[in-house]
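Containing PDB, C-alpha atoms: run.pdb.
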```pdb
ATOM      1  CA  MET A  28       9.476  43.014 148.598
ATOM      2  CA  ASN A  29      12.912  44.375 147.773
ATOM      3  CA  ALA A  30      13.359  46.107 144.426
ATOM      4  CA  PRO A  31      15.788  44.333 142.074
ATOM      5  CA  ARG A  32      19.316  45.726 142.135
ATOM      6  CA  THR A  33      20.370  47.656 139.058
ATOM      7  CA  ARG A  34      23.336  46.010 137.377
ATOM      8  CA  VAL A  35      26.141  48.474 136.638
ATOM      9  CA  GLN A  36      27.298  48.227 133.024
ATOM     10  CA  ARG A  37      31.083  48.234 133.219
ATOM     11  CA  ARG A  38      33.310  49.588 130.446
ATOM     12  CA  PRO A  39      37.023  49.856 129.635
ATOM     13  CA  VAL A  40      38.576  52.985 131.148
ATOM     14  CA  HIS A  41      42.305  53.579 130.708
ATOM     15  CA  GLY A  42      44.200  56.172 132.719
ATOM     16  CA  VAL A  43      44.803  57.691 136.136
ATOM     17  CA  VAL A  44      42.638  59.593 138.597
ATOM     18  CA  LEU A  45      44.611  61.632 141.122
ATOM     19  CA  LEU A  46      42.419  61.429 144.193
ATOM     20  CA  ASP A  47      42.733  63.514 147.348
ATOM     21  CA  LYS A  48      41.767  60.661 149.669
ATOM     22  CA  PRO A  49      39.443  61.713 152.496
ATOM     23  CA  LEU A  50      40.006  61.017 156.170
ATOM     24  CA  GLY A  51      38.682  57.712 157.510
ATOM     25  CA  LEU A  52      38.490  55.859 154.209
ATOM     26  CA  SER A  53      40.812  52.992 153.317
ATOM     27  CA  SER A  54      42.692  53.140 150.017
ATOM     28  CA  ASN A  55      40.749  50.150 148.701
ATOM     29  CA  ASP A  56      37.385  51.653 149.686
ATOM     30  CA  ALA A  57      38.350  54.883 147.886
ATOM     31  CA  LEU A  58      39.372  52.884 144.818
ATOM     32  CA  GLN A  59      36.123  50.921 144.738
ATOM     33  CA  LYS A  60      34.030  54.091 145.050
ATOM     34  CA  VAL A  61      35.817  55.781 142.137
ATOM     35  CA  LYS A  62      35.728  52.558 140.092
ATOM     36  CA  TRP A  63      31.957  52.444 140.595
ATOM     37  CA  LEU A  64      31.554  56.131 139.677
ATOM     38  CA  LEU A  65      33.486  55.574 136.429
ATOM     39  CA  ARG A  66      31.887  52.159 135.767
ATOM     40  CA  ALA A  67      35.420  50.941 135.073
ATOM     41  CA  LEU A  68      36.232  47.299 134.382
ATOM     42  CA  LYS A  69      39.722  47.129 135.890
ATOM     43  CA  ALA A  70      41.325  49.231 138.619
ATOM     44  CA  GLY A  71      44.164  49.318 141.126
ATOM     45  CA  HIS A  72      45.940  51.808 143.386
ATOM     46  CA  THR A  73      49.607  52.638 143.774
ATOM     47  CA  GLY A  74      50.152  51.658 147.392
ATOM     48  CA  THR A  75      47.987  52.092 150.458
ATOM     49  CA  LEU A  76      47.399  55.267 152.418
ATOM     50  CA  ASP A  77      46.194  54.715 156.005
ATOM     51  CA  PRO A  78      42.517  55.507 156.755
ATOM     52  CA  LEU A  79      43.728  58.230 159.167
ATOM     53  CA  ALA A  80      45.778  59.862 156.379
ATOM     54  CA  THR A  81      44.560  62.144 153.604
ATOM     55  CA  GLY A  82      46.083  63.293 150.342
ATOM     56  CA  VAL A  83      47.494  62.062 147.062
ATOM     57  CA  LEU A  84      46.324  58.602 146.031
ATOM     58  CA  PRO A  85      46.825  57.836 142.317
ATOM     59  CA  LEU A  86      44.148  55.402 141.140
ATOM     60  CA  CYS A  87      44.942  53.389 138.012
ATOM     61  CA  PHE A  88      42.412  52.082 135.516
ATOM     62  CA  GLY A  89      42.799  49.625 132.656
ATOM     63  CA  ALA A  90      46.179  49.874 130.924
ATOM     64  CA  ALA A  91      47.506  52.268 133.602
ATOM     65  CA  THR A  92      47.456  49.447 136.187
ATOM     66  CA  LYS A  93      50.519  48.036 134.397
ATOM     67  CA  PHE A  94      52.539  51.013 135.663
ATOM     68  CA  SER A  95      51.209  51.219 139.228
ATOM     69  CA  GLN A  96      54.382  49.621 140.629
ATOM     70  CA  LEU A  97      56.360  52.664 139.472
ATOM     71  CA  GLN A  98      54.489  54.912 141.900
ATOM     72  CA  LEU A  99      54.808  52.338 144.653
ATOM     73  CA  GLU A 100      58.583  52.688 144.338
ATOM     74  CA  ALA A 101      58.550  56.512 144.108
ATOM     75  CA  ALA A 102      59.610  58.966 146.829
ATOM     76  CA  LYS A 103      56.734  60.529 148.745
ATOM     77  CA  THR A 104      56.251  63.768 150.688
ATOM     78  CA  TYR A 105      54.085  64.055 153.792
ATOM     79  CA  GLU A 106      52.967  66.822 156.115
ATOM     80  CA  ALA A 107      52.340  65.559 159.637
ATOM     81  CA  ILE A 108      51.465  66.815 163.114
ATOM     82  CA  ALA A 109      52.999  64.943 166.061
ATOM     83  CA  ARG A 110      51.843  65.692 169.597
ATOM     84  CA  LEU A 111      54.721  66.031 172.030
ATOM     85  CA  GLY A 112      54.754  64.578 175.546
ATOM     86  CA  GLN A 113      52.556  61.574 174.897
ATOM     87  CA  THR A 114      53.196  58.105 173.457
ATOM     88  CA  THR A 115      50.517  55.582 172.449
ATOM     89  CA  THR A 116      50.285  51.859 171.745
ATOM     90  CA  THR A 117      49.919  52.462 167.991
ATOM     91  CA  ALA A 118      52.178  55.550 167.720
ATOM     92  CA  ASP A 119      49.155  57.505 166.474
ATOM     93  CA  ALA A 120      45.876  58.964 167.767
ATOM     94  CA  GLU A 121      44.029  55.616 167.578
ATOM     95  CA  GLY A 122      46.058  53.946 170.297
ATOM     96  CA  GLU A 123      45.830  53.995 174.076
ATOM     97  CA  VAL A 124      48.131  56.352 175.943
ATOM     98  CA  LEU A 125      51.263  54.592 177.194
ATOM     99  CA  CYS A 126      53.177  57.439 178.781
ATOM    100  CA  GLU A 127      52.795  61.165 179.410
ATOM    101  CA  ARG A 128      55.645  63.560 180.100
ATOM    102  CA  GLU A 129      55.969  67.270 180.678
ATOM    103  CA  VAL A 130      57.143  69.136 177.593
ATOM    104  CA  ASP A 131      59.839  71.699 178.311
ATOM    105  CA  LEU A 132      59.371  73.946 175.286
ATOM    106  CA  ALA A 133      62.232  76.197 176.380
ATOM    107  CA  ALA A 134      64.585  73.228 175.963
ATOM    108  CA  ILE A 135      63.432  72.567 172.391
ATOM    109  CA  THR A 136      65.526  75.305 170.837
ATOM    110  CA  PRO A 137      65.972  75.825 167.093
ATOM    111  CA  GLU A 138      69.484  74.429 167.456
ATOM    112  CA  ARG A 139      68.193  71.258 169.132
ATOM    113  CA  LEU A 140      65.515  70.811 166.482
ATOM    114  CA  ALA A 141      68.153  71.253 163.780
ATOM    115  CA  ALA A 142      70.338  68.578 165.394
ATOM    116  CA  VAL A 143      67.436  66.090 165.588
ATOM    117  CA  GLN A 144      66.468  66.964 162.031
ATOM    118  CA  ALA A 145      69.988  66.143 160.839
ATOM    119  CA  ARG A 146      70.047  62.913 162.834
ATOM    120  CA  PHE A 147      66.941  61.618 161.048
ATOM    121  CA  THR A 148      67.884  62.765 157.536
ATOM    122  CA  GLY A 149      69.530  60.380 155.088
ATOM    123  CA  ASP A 150      69.658  56.589 155.427
ATOM    124  CA  ILE A 151      68.237  55.608 158.808
ATOM    125  CA  GLN A 152      67.139  52.407 160.554
ATOM    126  CA  GLN A 153      63.466  51.948 161.448
ATOM    127  CA  VAL A 154      61.784  49.179 163.387
ATOM    128  CA  PRO A 155      58.350  48.636 161.767
ATOM    129  CA  PRO A 156      55.441  49.188 164.181
ATOM    130  CA  MET A 157      53.449  46.233 165.515
ATOM    131  CA  TYR A 158      50.291  47.891 164.255
ATOM    132  CA  SER A 159      51.185  47.428 160.575
ATOM    133  CA  ALA A 160      50.196  45.172 157.693
ATOM    134  CA  LEU A 161      53.614  43.484 157.518
ATOM    135  CA  LYS A 162      53.235  39.724 157.779
ATOM    136  CA  LYS A 163      54.771  37.102 160.048
ATOM    137  CA  ASP A 164      53.932  33.455 159.289
ATOM    138  CA  GLY A 165      51.062  34.555 157.059
ATOM    139  CA  LYS A 166      49.446  36.867 159.627
ATOM    140  CA  ALA A 167      49.582  40.663 159.685
ATOM    141  CA  LEU A 168      51.504  42.127 162.609
ATOM    142  CA  TYR A 169      48.446  44.096 163.730
ATOM    143  CA  GLU A 170      46.633  40.780 164.310
ATOM    144  CA  TYR A 171      49.335  39.734 166.778
ATOM    145  CA  ALA A 172      49.257  43.205 168.363
ATOM    146  CA  ARG A 173      45.482  43.036 168.914
ATOM    147  CA  ALA A 174      45.988  39.678 170.618
ATOM    148  CA  GLY A 175      48.605  41.220 172.921
ATOM    149  CA  ILE A 176      51.500  39.365 171.287
ATOM    150  CA  GLU A 177      54.736  41.244 170.612
ATOM    151  CA  ILE A 178      56.732  40.000 167.609
ATOM    152  CA  GLU A 179      60.424  40.776 167.212
ATOM    153  CA  ARG A 180      60.906  42.941 164.113
ATOM    154  CA  PRO A 181      64.306  43.538 162.549
ATOM    155  CA  ALA A 182      65.165  47.153 161.768
ATOM    156  CA  ARG A 183      64.969  48.135 158.113
ATOM    157  CA  GLU A 184      66.871  50.841 156.266
ATOM    158  CA  VAL A 185      64.787  53.650 154.798
ATOM    159  CA  THR A 186      65.848  56.971 153.329
ATOM    160  CA  ILE A 187      64.659  60.363 154.545
ATOM    161  CA  HIS A 188      65.498  62.652 151.622
ATOM    162  CA  ALA A 189      64.391  65.811 153.449
ATOM    163  CA  LEU A 190      62.990  66.606 156.888
ATOM    164  CA  SER A 191      61.676  69.816 158.396
ATOM    165  CA  LEU A 192      60.656  70.116 162.070
ATOM    166  CA  THR A 193      58.781  73.138 163.444
ATOM    167  CA  LEU A 194      57.168  73.692 166.854
ATOM    168  CA  THR A 195      53.412  74.212 166.659
ATOM    169  CA  LEU A 196      50.153  73.323 168.475
ATOM    170  CA  ASP A 197      47.860  70.414 167.636
ATOM    171  CA  GLU A 198      44.077  70.600 167.161
ATOM    172  CA  GLN A 199      43.616  70.691 170.944
ATOM    173  CA  GLY A 200      46.119  73.483 171.440
ATOM    174  CA  LEU A 201      48.787  71.193 172.929
ATOM    175  CA  PRO A 202      52.532  71.298 172.091
ATOM    176  CA  ALA A 203      53.295  69.556 168.814
ATOM    177  CA  LEU A 204      55.697  69.345 165.911
ATOM    178  CA  LYS A 205      54.889  70.041 162.306
ATOM    179  CA  MET A 206      56.895  67.566 160.237
ATOM    180  CA  VAL A 207      57.438  67.814 156.477
ATOM    181  CA  VAL A 208      59.038  64.587 155.261
ATOM    182  CA  THR A 209      60.203  63.418 151.845
ATOM    183  CA  CYS A 210      61.064  59.730 152.102
ATOM    184  CA  SER A 211      61.568  56.418 150.353
ATOM    185  CA  LYS A 212      58.946  53.696 150.121
ATOM    186  CA  GLY A 213      58.511  51.636 153.271
ATOM    187  CA  THR A 214      58.967  54.602 155.631
ATOM    188  CA  TYR A 215      56.562  54.708 158.576
ATOM    189  CA  ILE A 216      55.822  58.323 159.482
ATOM    190  CA  ARG A 217      54.272  57.131 162.766
ATOM    191  CA  THR A 218      57.556  55.518 163.703
ATOM    192  CA  LEU A 219      59.522  58.589 162.622
ATOM    193  CA  ALA A 220      57.320  60.806 164.807
ATOM    194  CA  GLU A 221      57.798  58.438 167.752
ATOM    195  CA  ASP A 222      61.581  58.308 167.256
ATOM    196  CA  VAL A 223      61.851  62.095 166.928
ATOM    197  CA  GLY A 224      59.836  62.507 170.146
ATOM    198  CA  GLN A 225      62.160  60.110 171.932
ATOM    199  CA  ALA A 226      65.206  62.018 170.656
ATOM    200  CA  LEU A 227      63.697  65.224 172.081
ATOM    201  CA  GLY A 228      63.262  63.491 175.460
ATOM    202  CA  CYS A 229      59.498  63.912 175.748
ATOM    203  CA  GLY A 230      57.958  61.306 173.444
ATOM    204  CA  ALA A 231      55.418  61.903 170.678
ATOM    205  CA  HIS A 232      52.677  60.324 168.629
ATOM    206  CA  LEU A 233      51.141  61.138 165.264
ATOM    207  CA  ARG A 234      47.959  63.228 165.238
ATOM    208  CA  ALA A 235      47.503  64.031 161.554
ATOM    209  CA  LEU A 236      49.054  62.887 158.282
ATOM    210  CA  ARG A 237      48.657  64.218 154.761
ATOM    211  CA  ARG A 238      50.491  63.007 151.648
ATOM    212  CA  VAL A 239      51.160  66.006 149.448
ATOM    213  CA  ASP A 240      53.252  64.397 146.702
ATOM    214  CA  THR A 241      54.106  60.996 145.288
ATOM    215  CA  GLY A 242      56.599  60.640 142.463
ATOM    216  CA  GLY A 243      56.110  64.254 141.381
ATOM    217  CA  LEU A 244      52.298  64.067 141.431
ATOM    218  CA  GLY A 245      51.245  66.850 143.797
ATOM    219  CA  VAL A 246      48.054  67.292 145.809
ATOM    220  CA  GLU A 247      47.281  70.483 143.857
ATOM    221  CA  ARG A 248      46.436  68.261 140.863
ATOM    222  CA  CYS A 249      44.068  66.045 142.848
ATOM    223  CA  ILE A 250      40.294  65.903 142.944
ATOM    224  CA  THR A 251      38.213  64.969 145.983
ATOM    225  CA  LEU A 252      35.700  62.155 146.163
ATOM    226  CA  ALA A 253      32.944  64.666 146.937
ATOM    227  CA  GLN A 254      33.797  66.609 143.775
ATOM    228  CA  LEU A 255      33.683  63.434 141.669
ATOM    229  CA  GLU A 256      30.339  62.414 143.151
ATOM    230  CA  ALA A 257      28.838  65.814 142.282
ATOM    231  CA  MET A 258      29.886  65.564 138.606
ATOM    232  CA  SER A 259      28.076  64.221 135.590
ATOM    233  CA  GLU A 260      29.402  61.031 134.024
ATOM    234  CA  GLU A 261      31.121  62.981 131.233
ATOM    235  CA  GLN A 262      32.770  65.321 133.747
ATOM    236  CA  ARG A 263      34.050  62.354 135.754
ATOM    237  CA  LEU A 264      35.577  60.754 132.689
ATOM    238  CA  ALA A 265      37.283  64.059 131.901
ATOM    239  CA  GLN A 266      39.213  63.683 135.175
ATOM    240  CA  VAL A 267      40.918  60.527 133.877
ATOM    241  CA  LEU A 268      44.489  61.469 132.996
ATOM    242  CA  PRO A 269      46.453  59.450 130.426
ATOM    243  CA  ALA A 270      48.438  56.443 131.618
ATOM    244  CA  GLN A 271      51.692  58.231 130.747
ATOM    245  CA  THR A 272      51.011  60.582 133.676
ATOM    246  CA  LEU A 273      52.756  57.893 135.735
ATOM    247  CA  LEU A 274      55.824  57.988 133.464
ATOM    248  CA  ALA A 275      56.996  61.572 134.006
ATOM    249  CA  GLY A 276      60.517  60.493 134.956
ATOM    250  CA  HIS A 277      60.993  58.272 131.909
ATOM    251  CA  VAL A 278      63.020  58.978 128.792
ATOM    252  CA  ASN A 279      60.708  59.083 125.755
ATOM    253  CA  VAL A 280      61.410  56.934 122.691
ATOM    254  CA  MET A 281      59.396  57.110 119.460
ATOM    255  CA  LEU A 282      59.193  54.039 117.232
ATOM    256  CA  ALA A 283      58.529  54.107 113.500
ATOM    257  CA  GLU A 284      55.479  52.239 112.224
ATOM    258  CA  HIS A 285      57.439  49.179 111.058
ATOM    259  CA  ASP A 286      58.920  48.701 114.565
ATOM    260  CA  THR A 287      55.699  49.201 116.521
ATOM    261  CA  ALA A 288      54.151  45.763 115.954
ATOM    262  CA  ARG A 289      57.429  43.985 116.650
ATOM    263  CA  PHE A 290      57.937  45.883 119.902
ATOM    264  CA  LEU A 291      54.381  45.009 120.993
ATOM    265  CA  GLN A 292      55.239  41.348 120.372
ATOM    266  CA  GLY A 293      58.011  41.688 122.944
ATOM    267  CA  LEU A 294      60.853  41.864 120.410
ATOM    268  CA  ARG A 295      63.918  44.011 121.038
ATOM    269  CA  ARG A 296      64.620  46.842 118.635
ATOM    270  CA  LYS A 297      67.949  48.397 117.610
ATOM    271  CA  GLY A 298      68.420  52.168 117.400
ATOM    272  CA  ALA A 299      70.648  55.154 118.115
ATOM    273  CA  TRP A 300      69.394  55.546 121.681
ATOM    274  CA  ALA A 301      71.474  56.327 124.725
ATOM    275  CA  ASP A 302      71.397  53.819 127.578
ATOM    276  CA  ALA A 303      68.469  54.431 129.937
ATOM    277  CA  THR A 304      66.945  52.314 132.693
ATOM    278  CA  SER A 305      63.427  53.778 132.376
ATOM    279  CA  VAL A 306      61.995  54.440 128.905
ATOM    280  CA  ALA A 307      58.435  55.273 127.827
ATOM    281  CA  VAL A 308      57.892  53.973 124.304
ATOM    282  CA  TYR A 309      55.462  55.578 121.845
ATOM    283  CA  GLY A 310      54.461  54.693 118.308
ATOM    284  CA  GLU A 311      54.342  57.150 115.407
ATOM    285  CA  ARG A 312      51.477  55.263 113.768
ATOM    286  CA  PRO A 313      49.304  54.763 115.666
ATOM    287  CA  ARG A 314      50.251  57.791 117.768
ATOM    288  CA  ALA A 315      50.008  56.085 121.139
ATOM    289  CA  LEU A 316      51.816  54.859 124.223
ATOM    290  CA  LEU A 317      53.041  51.305 123.650
ATOM    291  CA  GLY A 318      54.644  50.508 126.982
ATOM    292  CA  VAL A 319      57.850  50.864 128.961
ATOM    293  CA  GLY A 320      61.290  49.318 128.735
ATOM    294  CA  ARG A 321      64.991  50.080 128.974
ATOM    295  CA  VAL A 322      67.842  50.770 126.562
ATOM    296  CA  GLU A 323      71.133  48.875 126.806
ATOM    297  CA  GLN A 324      73.907  49.378 124.219
ATOM    298  CA  GLY A 325      71.507  50.759 121.614
ATOM    299  CA  GLU A 326      68.963  47.992 122.135
ATOM    300  CA  LEU A 327      65.413  48.782 123.270
ATOM    301  CA  ILE A 328      64.235  46.020 125.601
ATOM    302  CA  PRO A 329      60.464  45.739 126.272
ATOM    303  CA  GLU A 330      59.263  45.353 129.872
ATOM    304  CA  ARG A 331      55.601  46.308 130.407
ATOM    305  CA  LEU A 332      53.491  46.498 127.240
ATOM    306  CA  LEU A 333      49.991  47.613 126.391
ATOM    307  CA  SER A 334      47.915  45.152 124.403
ATOM    308  CA  PRO A 335      46.695  46.037 120.895
ATOM    309  CA  LEU A 336      43.131  46.025 122.276
ATOM    310  CA  GLU A 337      44.043  48.498 125.026
ATOM    311  CA  ILE A 338      45.724  50.788 122.488
ATOM    312  CA  GLN A 339      42.675  50.589 120.234
ATOM    313  CA  GLN A 340      40.306  51.427 123.096
ATOM    314  CA  ILE A 341      42.483  54.388 124.131
ATOM    315  CA  LEU A 342      42.584  55.729 120.572
ATOM    316  CA  GLU A 343      38.819  55.328 120.279
ATOM    317  CA  GLY A 344      38.240  57.882 122.934
ATOM    318  CA  THR A 345      39.126  57.289 126.559
ATOM    319  CA  PRO A 346      39.080  60.902 127.856
ATOM    320  CA  ARG A 347      42.311  62.882 128.114
ATOM    321  CA  THR A 348      44.294  60.404 125.984
ATOM    322  CA  ASP A 349      43.784  62.082 122.633
ATOM    323  CA  ALA A 350      46.638  63.326 120.440
ATOM    324  CA  ALA A 351      46.808  66.703 122.228
ATOM    325  CA  ALA A 352      47.235  65.022 125.633
ATOM    326  CA  LEU A 353      49.845  62.686 124.198
ATOM    327  CA  GLU A 354      51.872  65.561 122.764
ATOM    328  CA  THR A 355      52.453  66.962 126.268
ATOM    329  CA  HIS A 356      54.427  63.821 127.131
ATOM    330  CA  LEU A 357      56.614  63.717 124.021
TER     331      LEU A 357
END
```
As structure tokens, the full file:
Amino acid sequence: MNAPRTRVQRRPVHGVVLLDKPLGLSSNDALQKVKWLLRALKAGHTGTLDPLATGVLPLCFGAATKFSQLQLEAAKTYEAIARLGQTTTTADAEGEVLCEREVDLAAITPERLAAVQARFTGDIQQVPPMYSALKKDGKALYEYARAGIEIERPAREVTIHALSLTLTLDEQGLPALKMVVTCSKGTYIRTLAEDVGQALGCGAHLRALRRVDTGGLGVERCITLAQLEAMSEEQRLAQVLPAQTLLAGHVNVMLAEHDTARFLQGLRRKGAWADATSVAVYGERPRALLGVGRVEQGELIPERLLSPLEIQQILEGTPRTDAAALETHL
């Protein structure tokens, strides 16, 4: 007879865990594992990272989920290895080999690499890969691809803020490129690797991908799933960073006590503030994050707000959101 399953007692957790996602795990699987470890009630991530990719994956809990869209929109930096001389059906190591060509390393001079680098820096056009989660008539493109159906995809503009290309060897000792890419949301590194390989005349596909930064949150600040699993419950909770970790690029505004309740009701407030499109709003009493908004002509306009209950729960002791942690953001 099977033993009865132990019911996990969930609790409110508010903040961000910066996870170094392991290889082979989907973003949602990583989120659910950390949510279970924290016994958190509400959780979400800030945009998917492919199972074959590792690196920075901010996981949001409770009130922090209200700001997850900000990281989805943020620029991201990746380190990638692209094998030269071989293309695949998926543009990465999971696909079947489509074409193999000899790689003339002597022809890939620093000057040629620099020219290709310049060509793919700035605003560029990308055709999304068939093996992607983009939808056509309610079905993901990869579903069509698995059925052998090719769907026409219009090119989309993405921005490559910075690109570095260096000759190297892959894990099998074969000619490859090391790519360091800082790019806008919606950029497919697989497609970039494929396009760069085509520009070099030998083709390429992605062998390894690691996200090292998203919106200023670097991999050096991350914790691994294995490390979290080895911790006590108190140690795990201590890894939860305050929700305002996601608001590093925002202008900070402090509201007096008499304005706090009105702002939390969604009312605009007047003040001597300079115009700003992204504002993190804090209250003096209670000393807490209230939400985000914007300032137009001296008027503070609420956008995403914490609830009074969320603020109360944070003040009552969610780890890393005490007054000392708050001071670092003001």
**Item:** Coordinates-based distance that separates CA of Ala315 in chain A from CA of Leu336 in chain A (Å, one decimal)
**Value:** 12.2 Å
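For the structure in this document, the set picked by the PyMOL selection byres ((chain A and resi 124) around 8) is Gln113, Thr114, Thr115, Thr116, Gly122, Glu123, Leu125, Cys126 and Glu127 of chain A.
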Written selection (C-alpha atoms) as a PDB file, in the frame of the given file:
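Result saved to out15.pdb:
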```
ATOM      1  CA  GLN A 113      52.556  61.574 174.897  1.00  0.00           C
ATOM      2  CA  THR A 114      53.196  58.105 173.457  1.00  0.00           C
ATOM      3  CA  THR A 115      50.517  55.582 172.449  1.00  0.00           C
ATOM      4  CA  THR A 116      50.285  51.859 171.745  1.00  0.00           C
ATOM      5  CA  GLY A 122      46.058  53.946 170.297  1.00  0.00           C
ATOM      6  CA  GLU A 123      45.830  53.995 174.076  1.00  0.00           C
ATOM      7  CA  LEU A 125      51.263  54.592 177.194  1.00  0.00           C
ATOM      8  CA  CYS A 126      53.177  57.439 178.781  1.00  0.00           C
ATOM      9  CA  GLU A 127      52.795  61.165 179.410  1.00  0.00           C
TER      10      GLU A 127
END
```
**Item:** Selection near Ala57 in chain A, 12 Å with all atoms listed in the file, sequence-local residues under 2 positions removed, as an MDAnalysis selection string
**Value:** chainID A and resid 44:55 59:64 70:72 75:78 81:87 251:253 255:256
**Request:** Spell out the residues picked by the PyMOL selection byres ((chain A and resi 302) around 7) here, as a PyMOL selection string.
**Result:** chain A and resi 300-301+303-304+322-325
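Nearest to Pro155 in chain A of all the residues A:Val319, A:Val278, A:Ile216, A:Ala120 is A:Ile216, based on all atoms listed in the file.
Evaluated against this file, the PyMOL selection byres ((chain A and resi 129) around 9) yields A:Leu111, A:Gly112, A:Gln113, A:Glu127, A:Arg128, A:Val130, A:Asp131, A:Cys229.
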**Message:** Taking (63.3, 47.7, 166.8) as a centre in this file's frame and 6 Å as the limit, can you find every polymer residue with an atom that close, using all atoms listed in the file, and give them as a ChimeraX atom specification?
**Reply:** /A:154,180,182
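Residues surrounding Val143 in chain A within 10 Å are Pro137, Glu138, Thr148, Leu190, Ser191, Leu192, Asp222, Val223, Gly224, Ala226 and Leu227 of chain A [only C-alpha atoms; sequence separation below 5 positions excluded].
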**Message:** Ranking A:Leu316, A:Leu97, A:Val239, A:Val185 by minimum distance to Gln153 in chain A and counting all atoms listed in the file, which one comes first?
**Reply:** A:Val185
**Request:** Go through A:Glu330, A:Glu343, A:Glu184, A:Glu260 one by one, measure the shortest atom-to-atom distance of each to Leu65 in chain A using only C-alpha atoms, and give the residue with the smallest value.
**Result:** A:Glu260
**Request:** Give me the residues within 10 Å of Pro335 in chain A as number ranges by chain, counting all atoms listed in the file and dropping any in the same chain fewer than 4 places off.
**Result:** A: 288, 291-292, 317, 339-341
**Asked** What lies within 8 Å of Pro156 in chain A using all atoms listed in the file, ignoring chain neighbours under 6 positions off, as a PyMOL selection string?
**Response** chain A and resi 117-118+215+218
With 4 Å on each side, where is the centre of the axis-aligned box around all listed atoms of range 74-91 of chain A, and how long are its edges in Å to one decimal, as AutoDock Vina command-line options?
```
--center_x 46.3 --center_y 56.5 --center_z 145.0 --size_x 15.7 --size_y 21.7 --size_z 36.2
```
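One finds CA of Gly276 in chain A at 26.9 Å from CA of Phe147 in chain A.
Between Arg238 in chain A and the residues A:Arg331, A:His41, A:Arg173, A:Lys103, the shortest atom-to-atom distance, using only C-alpha atoms, involves A:Lys103.
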**Selected residue of minimal separation from Ile328 in chain A among A:Arg289, A:Lys205, A:Arg146, A:Arg296, counting all atoms listed in the file** = A:Arg296
**Asked** Can you tell me, as a PyMOL selection string, what residues are no more than 10 Å from Val308 in chain A when counting all atoms listed in the file, ignoring any on the same chain fewer than 6 positions away?
**Response** chain A and resi 271+277-282+287+290+315-321+327+329+332+357
